[in-house]
file coords_28.txt (compact mmCIF, C-alpha atoms)
# COMPACT_ATOMS: atom_id res chain seq x y z
CA MET A 1 107.92 150.37 187.27
CA LYS A 2 108.97 150.50 183.66
CA ALA A 3 107.25 148.79 180.74
CA ALA A 4 108.62 148.20 177.24
CA VAL A 5 106.27 147.46 174.34
CA ILE A 6 108.05 145.75 171.44
CA VAL A 7 107.10 147.11 168.03
CA PHE A 8 107.50 144.72 165.10
CA PRO A 9 106.73 145.68 161.52
CA GLY A 10 103.03 144.82 161.37
CA SER A 11 102.28 145.20 165.09
CA ASN A 12 98.98 147.04 165.44
CA CYS A 13 98.09 146.77 169.14
CA ASP A 14 101.33 148.37 170.29
CA HIS A 15 99.59 151.71 170.84
CA ASP A 16 96.81 150.08 172.85
CA ALA A 17 99.44 148.51 175.12
CA LEU A 18 101.39 151.79 175.33
CA HIS A 19 98.16 153.62 176.21
CA VAL A 20 97.30 151.24 179.07
CA CYS A 21 100.83 151.12 180.50
CA GLY A 22 101.30 154.89 180.11
CA PRO A 23 98.23 157.12 180.60
CA VAL A 24 96.07 154.45 182.31
CA MET A 25 98.59 152.75 184.65
CA ARG A 26 100.98 155.73 184.80
CA TRP A 27 104.04 153.54 184.36
CA ASP A 28 107.21 154.72 182.73
CA THR A 29 106.55 153.25 179.27
CA VAL A 30 108.67 152.99 176.14
CA PRO A 31 108.09 151.57 172.68
CA VAL A 32 111.06 149.45 171.58
CA TRP A 33 111.61 148.96 167.84
CA HIS A 34 112.34 145.35 166.90
CA GLU A 35 115.76 146.24 165.48
CA SER A 36 116.90 147.55 168.84
CA ALA A 37 119.12 145.39 171.05
CA SER A 38 118.10 146.86 174.41
CA LEU A 39 114.95 146.71 176.53
CA GLU A 40 116.02 149.99 178.16
CA GLY A 41 115.88 148.58 181.67
CA ALA A 42 112.20 147.60 181.53
CA ASP A 43 110.70 145.49 184.35
CA LEU A 44 107.80 144.35 182.16
CA VAL A 45 108.11 143.47 178.46
CA ILE A 46 104.95 143.32 176.34
CA LEU A 47 104.82 141.68 172.92
CA PRO A 48 101.68 143.22 171.44
CA GLY A 49 99.05 141.98 169.04
CA GLY A 50 99.06 142.50 165.31
CA PHE A 51 100.40 140.83 162.21
CA SER A 52 104.17 140.91 162.58
CA TYR A 53 105.82 140.41 159.20
CA GLY A 54 102.37 140.03 157.66
CA ASP A 55 101.99 136.60 159.30
CA TYR A 56 104.25 135.31 156.49
CA LEU A 57 105.28 131.64 156.78
CA ARG A 58 103.49 131.23 160.17
CA CYS A 59 102.25 133.80 162.68
CA GLY A 60 105.23 134.95 164.74
CA ALA A 61 107.76 132.75 162.94
CA ILE A 62 109.81 135.59 161.47
CA ALA A 63 109.37 138.07 164.35
CA ARG A 64 110.94 135.44 166.59
CA PHE A 65 114.27 136.15 164.84
CA SER A 66 114.09 139.95 165.17
CA PRO A 67 117.21 141.42 166.80
CA ILE A 68 115.32 142.49 169.97
CA MET A 69 114.28 138.88 170.64
CA ASP A 70 117.71 137.97 172.06
CA ALA A 71 117.13 140.55 174.80
CA VAL A 72 113.51 139.42 175.30
CA ILE A 73 114.57 135.77 175.68
CA LYS A 74 117.34 136.77 178.10
CA HIS A 75 114.88 138.91 180.12
CA ALA A 76 112.35 136.05 180.28
CA ASN A 77 114.95 133.43 181.17
CA LYS A 78 116.22 135.42 184.11
CA GLY A 79 112.70 135.75 185.52
CA GLY A 80 111.68 139.09 183.98
CA LEU A 81 107.95 139.60 183.50
CA THR A 82 106.96 139.06 179.89
CA LEU A 83 103.43 139.32 178.50
CA GLY A 84 102.56 138.19 174.98
CA ILE A 85 99.12 139.20 173.75
CA CYS A 86 97.62 137.61 170.63
CA ASN A 87 100.39 137.85 168.01
CA GLY A 88 102.75 138.34 170.97
CA PHE A 89 101.62 134.93 172.29
CA GLN A 90 102.35 133.45 168.87
CA VAL A 91 105.85 135.01 168.92
CA LEU A 92 106.55 133.63 172.44
CA ILE A 93 105.59 130.14 171.28
CA GLU A 94 107.76 130.40 168.16
CA ALA A 95 110.62 131.60 170.38
CA GLY A 96 110.27 128.49 172.54
CA LEU A 97 109.42 130.48 175.68
CA LEU A 98 106.00 128.81 175.87
CA PRO A 99 105.02 125.28 174.76
CA GLY A 100 102.47 124.16 172.16
CA ALA A 101 101.26 125.75 168.95
CA LEU A 102 98.51 128.12 167.79
CA LEU A 103 96.64 126.69 164.82
CA ARG A 104 94.04 128.23 162.55
CA ASN A 105 90.68 128.73 164.27
CA ASN A 106 88.58 125.60 163.82
CA CYS A 107 85.72 127.78 162.53
CA MET A 108 88.01 129.04 159.71
CA GLU A 109 86.93 132.60 160.53
CA PHE A 110 88.84 135.57 161.86
CA ARG A 111 87.00 136.02 165.16
CA CYS A 112 86.61 139.54 166.57
CA VAL A 113 84.24 139.06 169.52
CA TRP A 114 83.90 139.54 173.26
CA THR A 115 84.82 136.45 175.27
CA GLN A 116 84.67 135.53 178.94
CA LEU A 117 87.76 134.18 180.65
CA LYS A 118 87.73 132.11 183.81
CA VAL A 119 90.74 132.66 186.05
CA GLN A 120 92.39 129.29 186.75
CA THR A 121 95.32 130.28 188.93
CA THR A 122 96.46 133.29 190.92
CA GLU A 123 99.94 131.86 191.45
CA CYS A 124 101.61 134.44 189.22
CA ASP A 125 102.10 138.20 189.23
CA PHE A 126 99.64 138.61 186.33
CA THR A 127 96.64 137.37 188.35
CA ARG A 128 97.68 137.63 192.00
CA GLY A 129 95.05 140.34 192.56
CA LEU A 130 92.25 138.11 191.24
CA GLU A 131 90.42 135.09 192.63
CA VAL A 132 90.35 131.62 191.07
CA GLY A 133 86.95 131.37 189.36
CA ASP A 134 86.68 135.10 188.58
CA VAL A 135 85.21 135.75 185.13
CA LEU A 136 86.75 138.52 183.01
CA ARG A 137 85.11 140.01 179.93
CA VAL A 138 87.90 140.53 177.38
CA PRO A 139 87.78 140.61 173.56
CA ILE A 140 89.63 138.43 171.07
CA ALA A 141 90.58 139.32 167.48
CA HIS A 142 92.46 136.58 165.65
CA GLY A 143 92.41 133.95 162.93
CA GLU A 144 95.04 131.65 164.43
CA GLY A 145 94.36 131.24 168.13
CA ASN A 146 93.43 127.58 168.30
CA TYR A 147 95.77 126.44 171.08
CA PHE A 148 97.20 122.97 170.60
CA ALA A 149 99.58 120.92 172.73
CA ARG A 150 100.50 117.24 172.75
CA PRO A 151 98.92 115.23 175.60
CA ASP A 152 102.15 115.08 177.64
CA VAL A 153 102.58 118.87 177.41
CA LEU A 154 98.93 119.41 178.27
CA LYS A 155 99.27 117.18 181.33
CA GLN A 156 102.30 119.12 182.47
CA LEU A 157 100.47 122.46 182.00
CA ASN A 158 97.54 121.18 184.06
CA ASP A 159 99.64 119.44 186.73
CA GLN A 160 101.71 122.59 187.26
CA HIS A 161 98.66 124.91 187.21
CA ARG A 162 100.08 126.82 184.28
CA VAL A 163 96.78 127.40 182.48
CA VAL A 164 95.82 130.92 183.59
CA PHE A 165 92.64 131.53 181.59
CA ARG A 166 90.03 129.31 179.93
CA TYR A 167 87.18 130.54 177.73
CA CYS A 168 83.88 130.26 179.58
CA THR A 169 80.22 131.27 179.27
CA PRO A 170 79.10 134.57 180.88
CA ASP A 171 78.07 132.60 183.97
CA GLY A 172 81.46 130.92 184.22
CA LYS A 173 80.86 127.51 182.64
CA ILE A 174 83.88 126.15 180.74
CA ALA A 175 81.92 124.66 177.86
CA PRO A 176 82.37 123.99 174.13
CA GLU A 177 79.90 126.78 173.23
CA ALA A 178 82.19 129.29 174.95
CA ASN A 179 85.23 128.20 172.92
CA PRO A 180 85.69 130.71 170.06
CA ASN A 181 88.50 129.01 168.16
CA GLY A 182 88.76 125.30 169.00
CA SER A 183 91.51 125.63 171.61
CA VAL A 184 92.15 122.37 173.43
CA GLU A 185 90.42 122.38 176.85
CA ASN A 186 89.24 125.98 176.18
CA ILE A 187 92.77 127.26 176.91
CA ALA A 188 93.11 131.04 176.41
CA GLY A 189 96.37 131.75 178.24
CA ILE A 190 99.34 129.85 179.69
CA LEU A 191 102.44 130.43 181.79
CA ASN A 192 106.01 129.21 181.41
CA GLU A 193 107.50 127.01 184.13
CA GLY A 194 108.99 130.02 185.91
CA ARG A 195 105.52 131.66 185.96
CA ASN A 196 106.99 134.96 184.74
CA VAL A 197 105.96 134.62 181.07
CA LEU A 198 102.26 134.76 180.16
CA GLY A 199 100.91 134.25 176.66
CA MET A 200 97.23 134.87 175.96
CA MET A 201 95.11 135.28 172.84
CA PRO A 202 92.52 137.68 174.36
CA HIS A 203 93.36 141.39 174.61
CA PRO A 204 93.31 142.72 178.21
CA GLU A 205 94.71 146.03 176.94
CA ARG A 206 91.54 146.54 174.85
CA ALA A 207 89.36 146.12 177.95
CA SER A 208 91.11 148.31 180.48
CA GLU A 209 88.71 151.26 180.60
CA ALA A 210 84.93 151.22 181.10
CA VAL A 211 84.48 153.45 178.05
CA LEU A 212 85.77 150.57 175.90
CA GLY A 213 83.02 148.24 177.11
CA SER A 214 84.91 146.50 179.90
CA GLY A 215 87.52 147.36 182.48
CA ASP A 216 88.18 143.72 183.37
CA GLY A 217 91.46 143.52 181.45
CA LYS A 218 92.91 146.23 183.68
CA ARG A 219 92.81 143.78 186.58
CA VAL A 220 95.77 142.00 184.96
CA PHE A 221 97.73 145.26 184.86
CA ASP A 222 96.58 146.13 188.42
CA SER A 223 97.93 142.74 189.56
CA LEU A 224 101.30 143.57 188.03
CA ALA A 225 101.28 146.99 189.71
CA ALA A 226 100.49 145.39 193.08
CA ALA A 227 103.25 142.81 192.61
CA TYR A 228 105.70 145.56 191.80
CA ALA A 229 104.66 147.66 194.79
CA ASP A 230 104.92 144.67 197.14
CA ILE A 231 108.13 143.01 196.16
CA GLY A 232 109.58 144.75 193.16
CA TRP A 233 111.16 142.50 190.56
CA MET B 1 127.59 124.07 143.30
CA ARG B 2 124.04 125.29 142.83
CA PHE B 3 120.99 123.20 143.66
CA ASN B 4 117.31 123.67 142.99
CA CYS B 5 115.54 122.78 146.19
CA GLU B 6 111.88 122.17 146.86
CA VAL B 7 110.37 122.04 150.32
CA TYR B 8 106.89 120.61 150.93
CA ILE B 9 105.35 121.44 154.29
CA ARG B 10 102.06 119.90 155.37
CA PRO B 11 100.06 119.50 158.58
CA ARG B 12 100.91 116.32 160.48
CA ARG B 13 98.43 113.51 160.04
CA ASP B 14 97.25 113.57 163.64
CA ILE B 15 96.62 117.35 163.66
CA LEU B 16 93.29 118.89 162.83
CA ASP B 17 93.54 120.90 159.59
CA PRO B 18 90.47 123.19 159.46
CA GLN B 19 91.65 124.64 156.14
CA GLY B 20 91.85 121.19 154.56
CA ASP B 21 88.44 120.28 156.00
CA ALA B 22 86.90 123.46 154.55
CA VAL B 23 88.36 122.68 151.11
CA LYS B 24 87.06 119.10 151.37
CA ALA B 25 83.56 120.38 152.18
CA ALA B 26 83.71 122.80 149.23
CA LEU B 27 84.80 119.99 146.89
CA ALA B 28 81.87 117.87 148.10
CA ASN B 29 79.56 120.83 147.30
CA LEU B 30 81.08 120.94 143.81
CA SER B 31 80.05 117.29 143.29
CA PHE B 32 83.39 115.66 144.08
CA PRO B 33 82.04 113.40 146.80
CA GLY B 34 84.92 110.92 146.51
CA VAL B 35 87.45 113.21 148.20
CA ASP B 36 88.36 111.42 151.43
CA SER B 37 90.74 113.99 152.91
CA VAL B 38 92.46 117.28 152.06
CA LYS B 39 95.53 118.72 153.72
CA VAL B 40 96.62 122.27 152.88
CA GLY B 41 100.34 122.97 153.19
CA ARG B 42 103.06 125.20 151.77
CA TYR B 43 105.52 124.75 148.92
CA LEU B 44 108.83 126.61 148.82
CA VAL B 45 111.40 126.75 146.03
CA LEU B 46 114.98 127.69 146.89
CA ALA B 47 118.12 128.13 144.81
CA LEU B 48 120.95 127.14 147.14
CA ASP B 49 124.75 127.08 146.81
CA ALA B 50 126.41 124.20 148.68
CA ASN B 51 129.45 121.92 148.31
CA ASP B 52 127.38 118.82 147.54
CA GLU B 53 123.86 117.40 147.78
CA GLY B 54 124.42 116.14 151.32
CA ALA B 55 125.48 119.59 152.51
CA ALA B 56 122.46 121.15 150.79
CA ARG B 57 120.10 118.68 152.48
CA LYS B 58 121.69 119.28 155.86
CA GLN B 59 121.16 123.04 155.51
CA LEU B 60 117.56 122.56 154.36
CA ASP B 61 116.80 120.27 157.30
CA GLU B 62 118.09 122.94 159.65
CA MET B 63 116.11 125.67 157.86
CA CYS B 64 112.93 123.62 158.23
CA GLU B 65 113.53 122.83 161.90
CA LYS B 66 114.35 126.44 162.76
CA LEU B 67 112.05 128.51 160.59
CA LEU B 68 110.28 127.08 157.56
CA ALA B 69 108.17 124.45 159.35
CA ASN B 70 106.76 124.07 162.85
CA PRO B 71 107.92 120.60 163.91
CA ILE B 72 105.11 120.38 166.49
CA THR B 73 102.35 120.60 163.91
CA GLU B 74 103.92 120.09 160.48
CA ASP B 75 105.88 117.49 158.50
CA PHE B 76 108.28 118.50 155.77
CA GLU B 77 109.81 116.82 152.74
CA ILE B 78 112.83 118.04 150.80
CA LYS B 79 113.78 117.49 147.16
CA VAL B 80 117.23 118.53 145.91
CA THR B 81 118.39 118.51 142.28
CA PRO B 82 121.57 119.98 140.76
CA ALA B 83 120.76 123.22 138.89
call {"tool": "encode", "arguments": {"input": "coords_28.txt", "output": "structure tokens"}}
result
Amino acid sequence: MKAAVIVFPGSNCDHDALHVCGPVMRWDTVPVWHESASLEGADLVILPGGFSYGDYLRCGAIARFSPIMDAVIKHANKGGLTLGICNGFQVLIEAGLLPGALLRNNCMEFRCVWTQLKVQTTECDFTRGLEVGDVLRVPIAHGEGNYFARPDVLKQLNDQHRVVFRYCTPDGKIAPEANPNGSVENIAGILNEGRNVLGMMPHPERASEAVLGSGDGKRVFDSLAAAYADIGW
Amino acid sequence: MRFNCEVYIRPRRDILDPQGDAVKAALANLSFPGVDSVKVGRYLVLALDANDEGAARKQLDEMCEKLLANPITEDFEIKVTPA
């Protein structure tokens, strides 16, 4: 199992992702600079959180044209596991690997808070070790995480069970008061059609050890490890 | 031939613009109650070399579609004048 964490200028959660994949999960883990052309044979590619290119123009808009993105798009299109967290989610959307858009939070604040996520599907390697309805405690930290999609896209996401996480209350209710940013239908994370690309605004890598306040995020990485052990990729 | 190009990018009408709404609320607080709506966008100025105005516009359209604007959430308008 080999993981590559892409490092853009302005990425700031790359080390968190490297820490979880390396010392915590004990995977072979490499940082890959955005000017590189190769993913170095990685099975899992992580686009980390941060402020790539200072969020100039739009979050993720310039990172999407970094040289490494050709390899990332190729990896994703041939079924390779790809996880975009926060700014990484924004980059995946700008790259056209996931549908919709991430608008400014409706509260107009940068929100750095703990959220609860309700698992909506286990039909992907990211959540296969979880149960539908499980509630994960995972933090968010963003100013532009307000997920938006046109009604036809939203219908397709729902019909194909491609919404993986929705923001919920601690007791698992998907309600407006649990929505930290105005995302349509409380959406916190979605899959591509091939179910091998996951984009999510919350940070599972910041909640992968009890000492950090929650180990729930590690269940996503444990799912990936189990998928790899079972079938390989 | 050189052209001075201006690109106006603004949120689409049917999209919630929290930034515009916040500015509208602030203007109401400043005793400008007549403000019906505010949209906050971006304004870019480019100096561009192209064979003619049509070619310049074609390039700018492509720039907007690919990078400068997000066609899902934003509209754009282009103005081109010979330098």
call {"tool": "atom_distance", "arguments": {"input": "coords_28.txt", "atom1": "atom CA of Asn106 of chain A", "atom2": "atom CA of Gly41 of chain B"}}
result
16.1 Å
call {"tool": "closest_residue", "arguments": {"input": "coords_28.txt", "among": "B:Glu62, B:Glu6, B:Asp49, B:Asp17", "to": "chain A", "atoms": "only C-alpha atoms"}}
result
B:Asp17
call {"tool": "residues_around", "arguments": {"input": "coords_28.txt", "residues": "Leu68 of chain B", "least_positions_apart": "3", "cutoff": "12 Å", "atoms": "all atoms listed in the file", "output": "VMD selection string"}}
result
(chain A and resid 56 to 62 94) or (chain B and resid 6 to 10 41 to 46 59 to 65 71 74 to 78)
call {"tool": "closest_residue", "arguments": {"input": "coords_28.txt", "among": "A:Leu154, A:Leu191, A:Cys107, A:Met201", "to": "chain B", "atoms": "only C-alpha atoms"}}
result
A:Cys107
call {"tool": "interface_residues", "arguments": {"input": "coords_28.txt", "of": "chain B", "to": "chain A", "cutoff": "10 Å", "atoms": "all atoms listed in the file", "output": "PyMOL selection string"}}
result
chain B and resi 15-19+21-22+42+66-73
call {"tool": "atom_distance", "arguments": {"input": "coords_28.txt", "atom1": "atom CA of Val220 of chain A", "atom2": "atom CA of Asp152 of chain A"}}
result
28.6 Å
call {"tool": "closest_residue", "arguments": {"input": "coords_28.txt", "among": "A:Tyr147, A:Phe89, A:Trp114, A:Phe8", "to": "Gly217 of chain A", "atoms": "all atoms listed in the file"}}
result
A:Trp114
call {"tool": "closest_residue", "arguments": {"input": "coords_28.txt", "among": "A:Asp230, A:Asp134, A:Glu205, A:Asp159", "to": "Ile46 of chain A", "atoms": "all atoms listed in the file"}}
result
A:Glu205
call {"tool": "atom_distance", "arguments": {"input": "coords_28.txt", "atom1": "atom CA of Gly213 of chain A", "atom2": "atom CA of Pro48 of chain A"}}
result
20.1 Å
call {"tool": "residues_near_point", "arguments": {"input": "coords_28.txt", "point": "(107.3, 140.3, 178.7)", "cutoff": "9 Å", "atoms": "only C-alpha atoms", "output": "ChimeraX atom specification"}}
result
/A:3-5,43-47,72,75-76,80-84,196-198
call {"tool": "residues_around", "arguments": {"input": "coords_28.txt", "residues": "Ile187 of chain A", "least_positions_apart": "4", "cutoff": "8 Å", "atoms": "all atoms listed in the file", "output": "list in words"}}
result
Tyr147, Val163, Phe165, Arg166, Tyr167 and Ser183 of chain A
call {"tool": "closest_residue", "arguments": {"input": "coords_28.txt", "among": "A:Thr169, A:Ala17, A:Val164, A:Ala37", "to": "Phe126 of chain A", "atoms": "only C-alpha atoms"}}
result
A:Val164
call {"tool": "build_atoms", "arguments": {"input": "coords_28.txt", "residues": "segment 50-64 of chain B", "atoms": "N, CA and C atoms", "output": "PDB file, in the coordinates of the input"}}
result
ATOM      1  N   ALA B  50     125.827 125.063 147.641  1.00  0.00           N
ATOM      2  CA  ALA B  50     126.410 124.200 148.680  1.00  0.00           C
ATOM      3  C   ALA B  50     127.468 123.315 148.023  1.00  0.00           C
ATOM      4  N   ASN B  51     128.350 122.727 148.849  1.00  0.00           N
ATOM      5  CA  ASN B  51     129.450 121.920 148.310  1.00  0.00           C
ATOM      6  C   ASN B  51     128.946 120.673 147.580  1.00  0.00           C
ATOM      7  N   ASP B  52     127.937 120.011 148.171  1.00  0.00           N
ATOM      8  CA  ASP B  52     127.380 118.820 147.540  1.00  0.00           C
ATOM      9  C   ASP B  52     125.929 118.649 147.998  1.00  0.00           C
ATOM     10  N   GLU B  53     125.281 117.587 147.481  1.00  0.00           N
ATOM     11  CA  GLU B  53     123.860 117.400 147.780  1.00  0.00           C
ATOM     12  C   GLU B  53     123.629 117.167 149.270  1.00  0.00           C
ATOM     13  N   GLY B  54     124.557 116.425 149.888  1.00  0.00           N
ATOM     14  CA  GLY B  54     124.420 116.140 151.320  1.00  0.00           C
ATOM     15  C   GLY B  54     124.442 117.427 152.141  1.00  0.00           C
ATOM     16  N   ALA B  55     125.359 118.315 151.782  1.00  0.00           N
ATOM     17  CA  ALA B  55     125.480 119.590 152.510  1.00  0.00           C
ATOM     18  C   ALA B  55     124.223 120.431 152.303  1.00  0.00           C
ATOM     19  N   ALA B  56     123.689 120.383 151.078  1.00  0.00           N
ATOM     20  CA  ALA B  56     122.460 121.150 150.790  1.00  0.00           C
ATOM     21  C   ALA B  56     121.313 120.620 151.634  1.00  0.00           C
ATOM     22  N   ARG B  57     121.179 119.297 151.696  1.00  0.00           N
ATOM     23  CA  ARG B  57     120.100 118.680 152.480  1.00  0.00           C
ATOM     24  C   ARG B  57     120.229 119.022 153.966  1.00  0.00           C
ATOM     25  N   LYS B  58     121.462 118.992 154.438  1.00  0.00           N
ATOM     26  CA  LYS B  58     121.690 119.280 155.860  1.00  0.00           C
ATOM     27  C   LYS B  58     121.224 120.710 156.182  1.00  0.00           C
ATOM     28  N   GLN B  59     121.580 121.642 155.299  1.00  0.00           N
ATOM     29  CA  GLN B  59     121.160 123.040 155.510  1.00  0.00           C
ATOM     30  C   GLN B  59     119.632 123.161 155.470  1.00  0.00           C
ATOM     31  N   LEU B  60     119.028 122.465 154.502  1.00  0.00           N
ATOM     32  CA  LEU B  60     117.560 122.560 154.360  1.00  0.00           C
ATOM     33  C   LEU B  60     116.845 121.976 155.577  1.00  0.00           C
ATOM     34  N   ASP B  61     117.382 120.862 156.087  1.00  0.00           N
ATOM     35  CA  ASP B  61     116.800 120.270 157.300  1.00  0.00           C
ATOM     36  C   ASP B  61     116.808 121.302 158.437  1.00  0.00           C
ATOM     37  N   GLU B  62     117.943 121.953 158.579  1.00  0.00           N
ATOM     38  CA  GLU B  62     118.090 122.940 159.650  1.00  0.00           C
ATOM     39  C   GLU B  62     117.142 124.120 159.439  1.00  0.00           C
ATOM     40  N   MET B  63     117.033 124.556 158.178  1.00  0.00           N
ATOM     41  CA  MET B  63     116.110 125.670 157.860  1.00  0.00           C
ATOM     42  C   MET B  63     114.681 125.303 158.242  1.00  0.00           C
ATOM     43  N   CYS B  64     114.300 124.062 157.927  1.00  0.00           N
ATOM     44  CA  CYS B  64     112.930 123.620 158.230  1.00  0.00           C
ATOM     45  C   CYS B  64     112.710 123.555 159.729  1.00  0.00           C
TER      46      CYS B  64
END
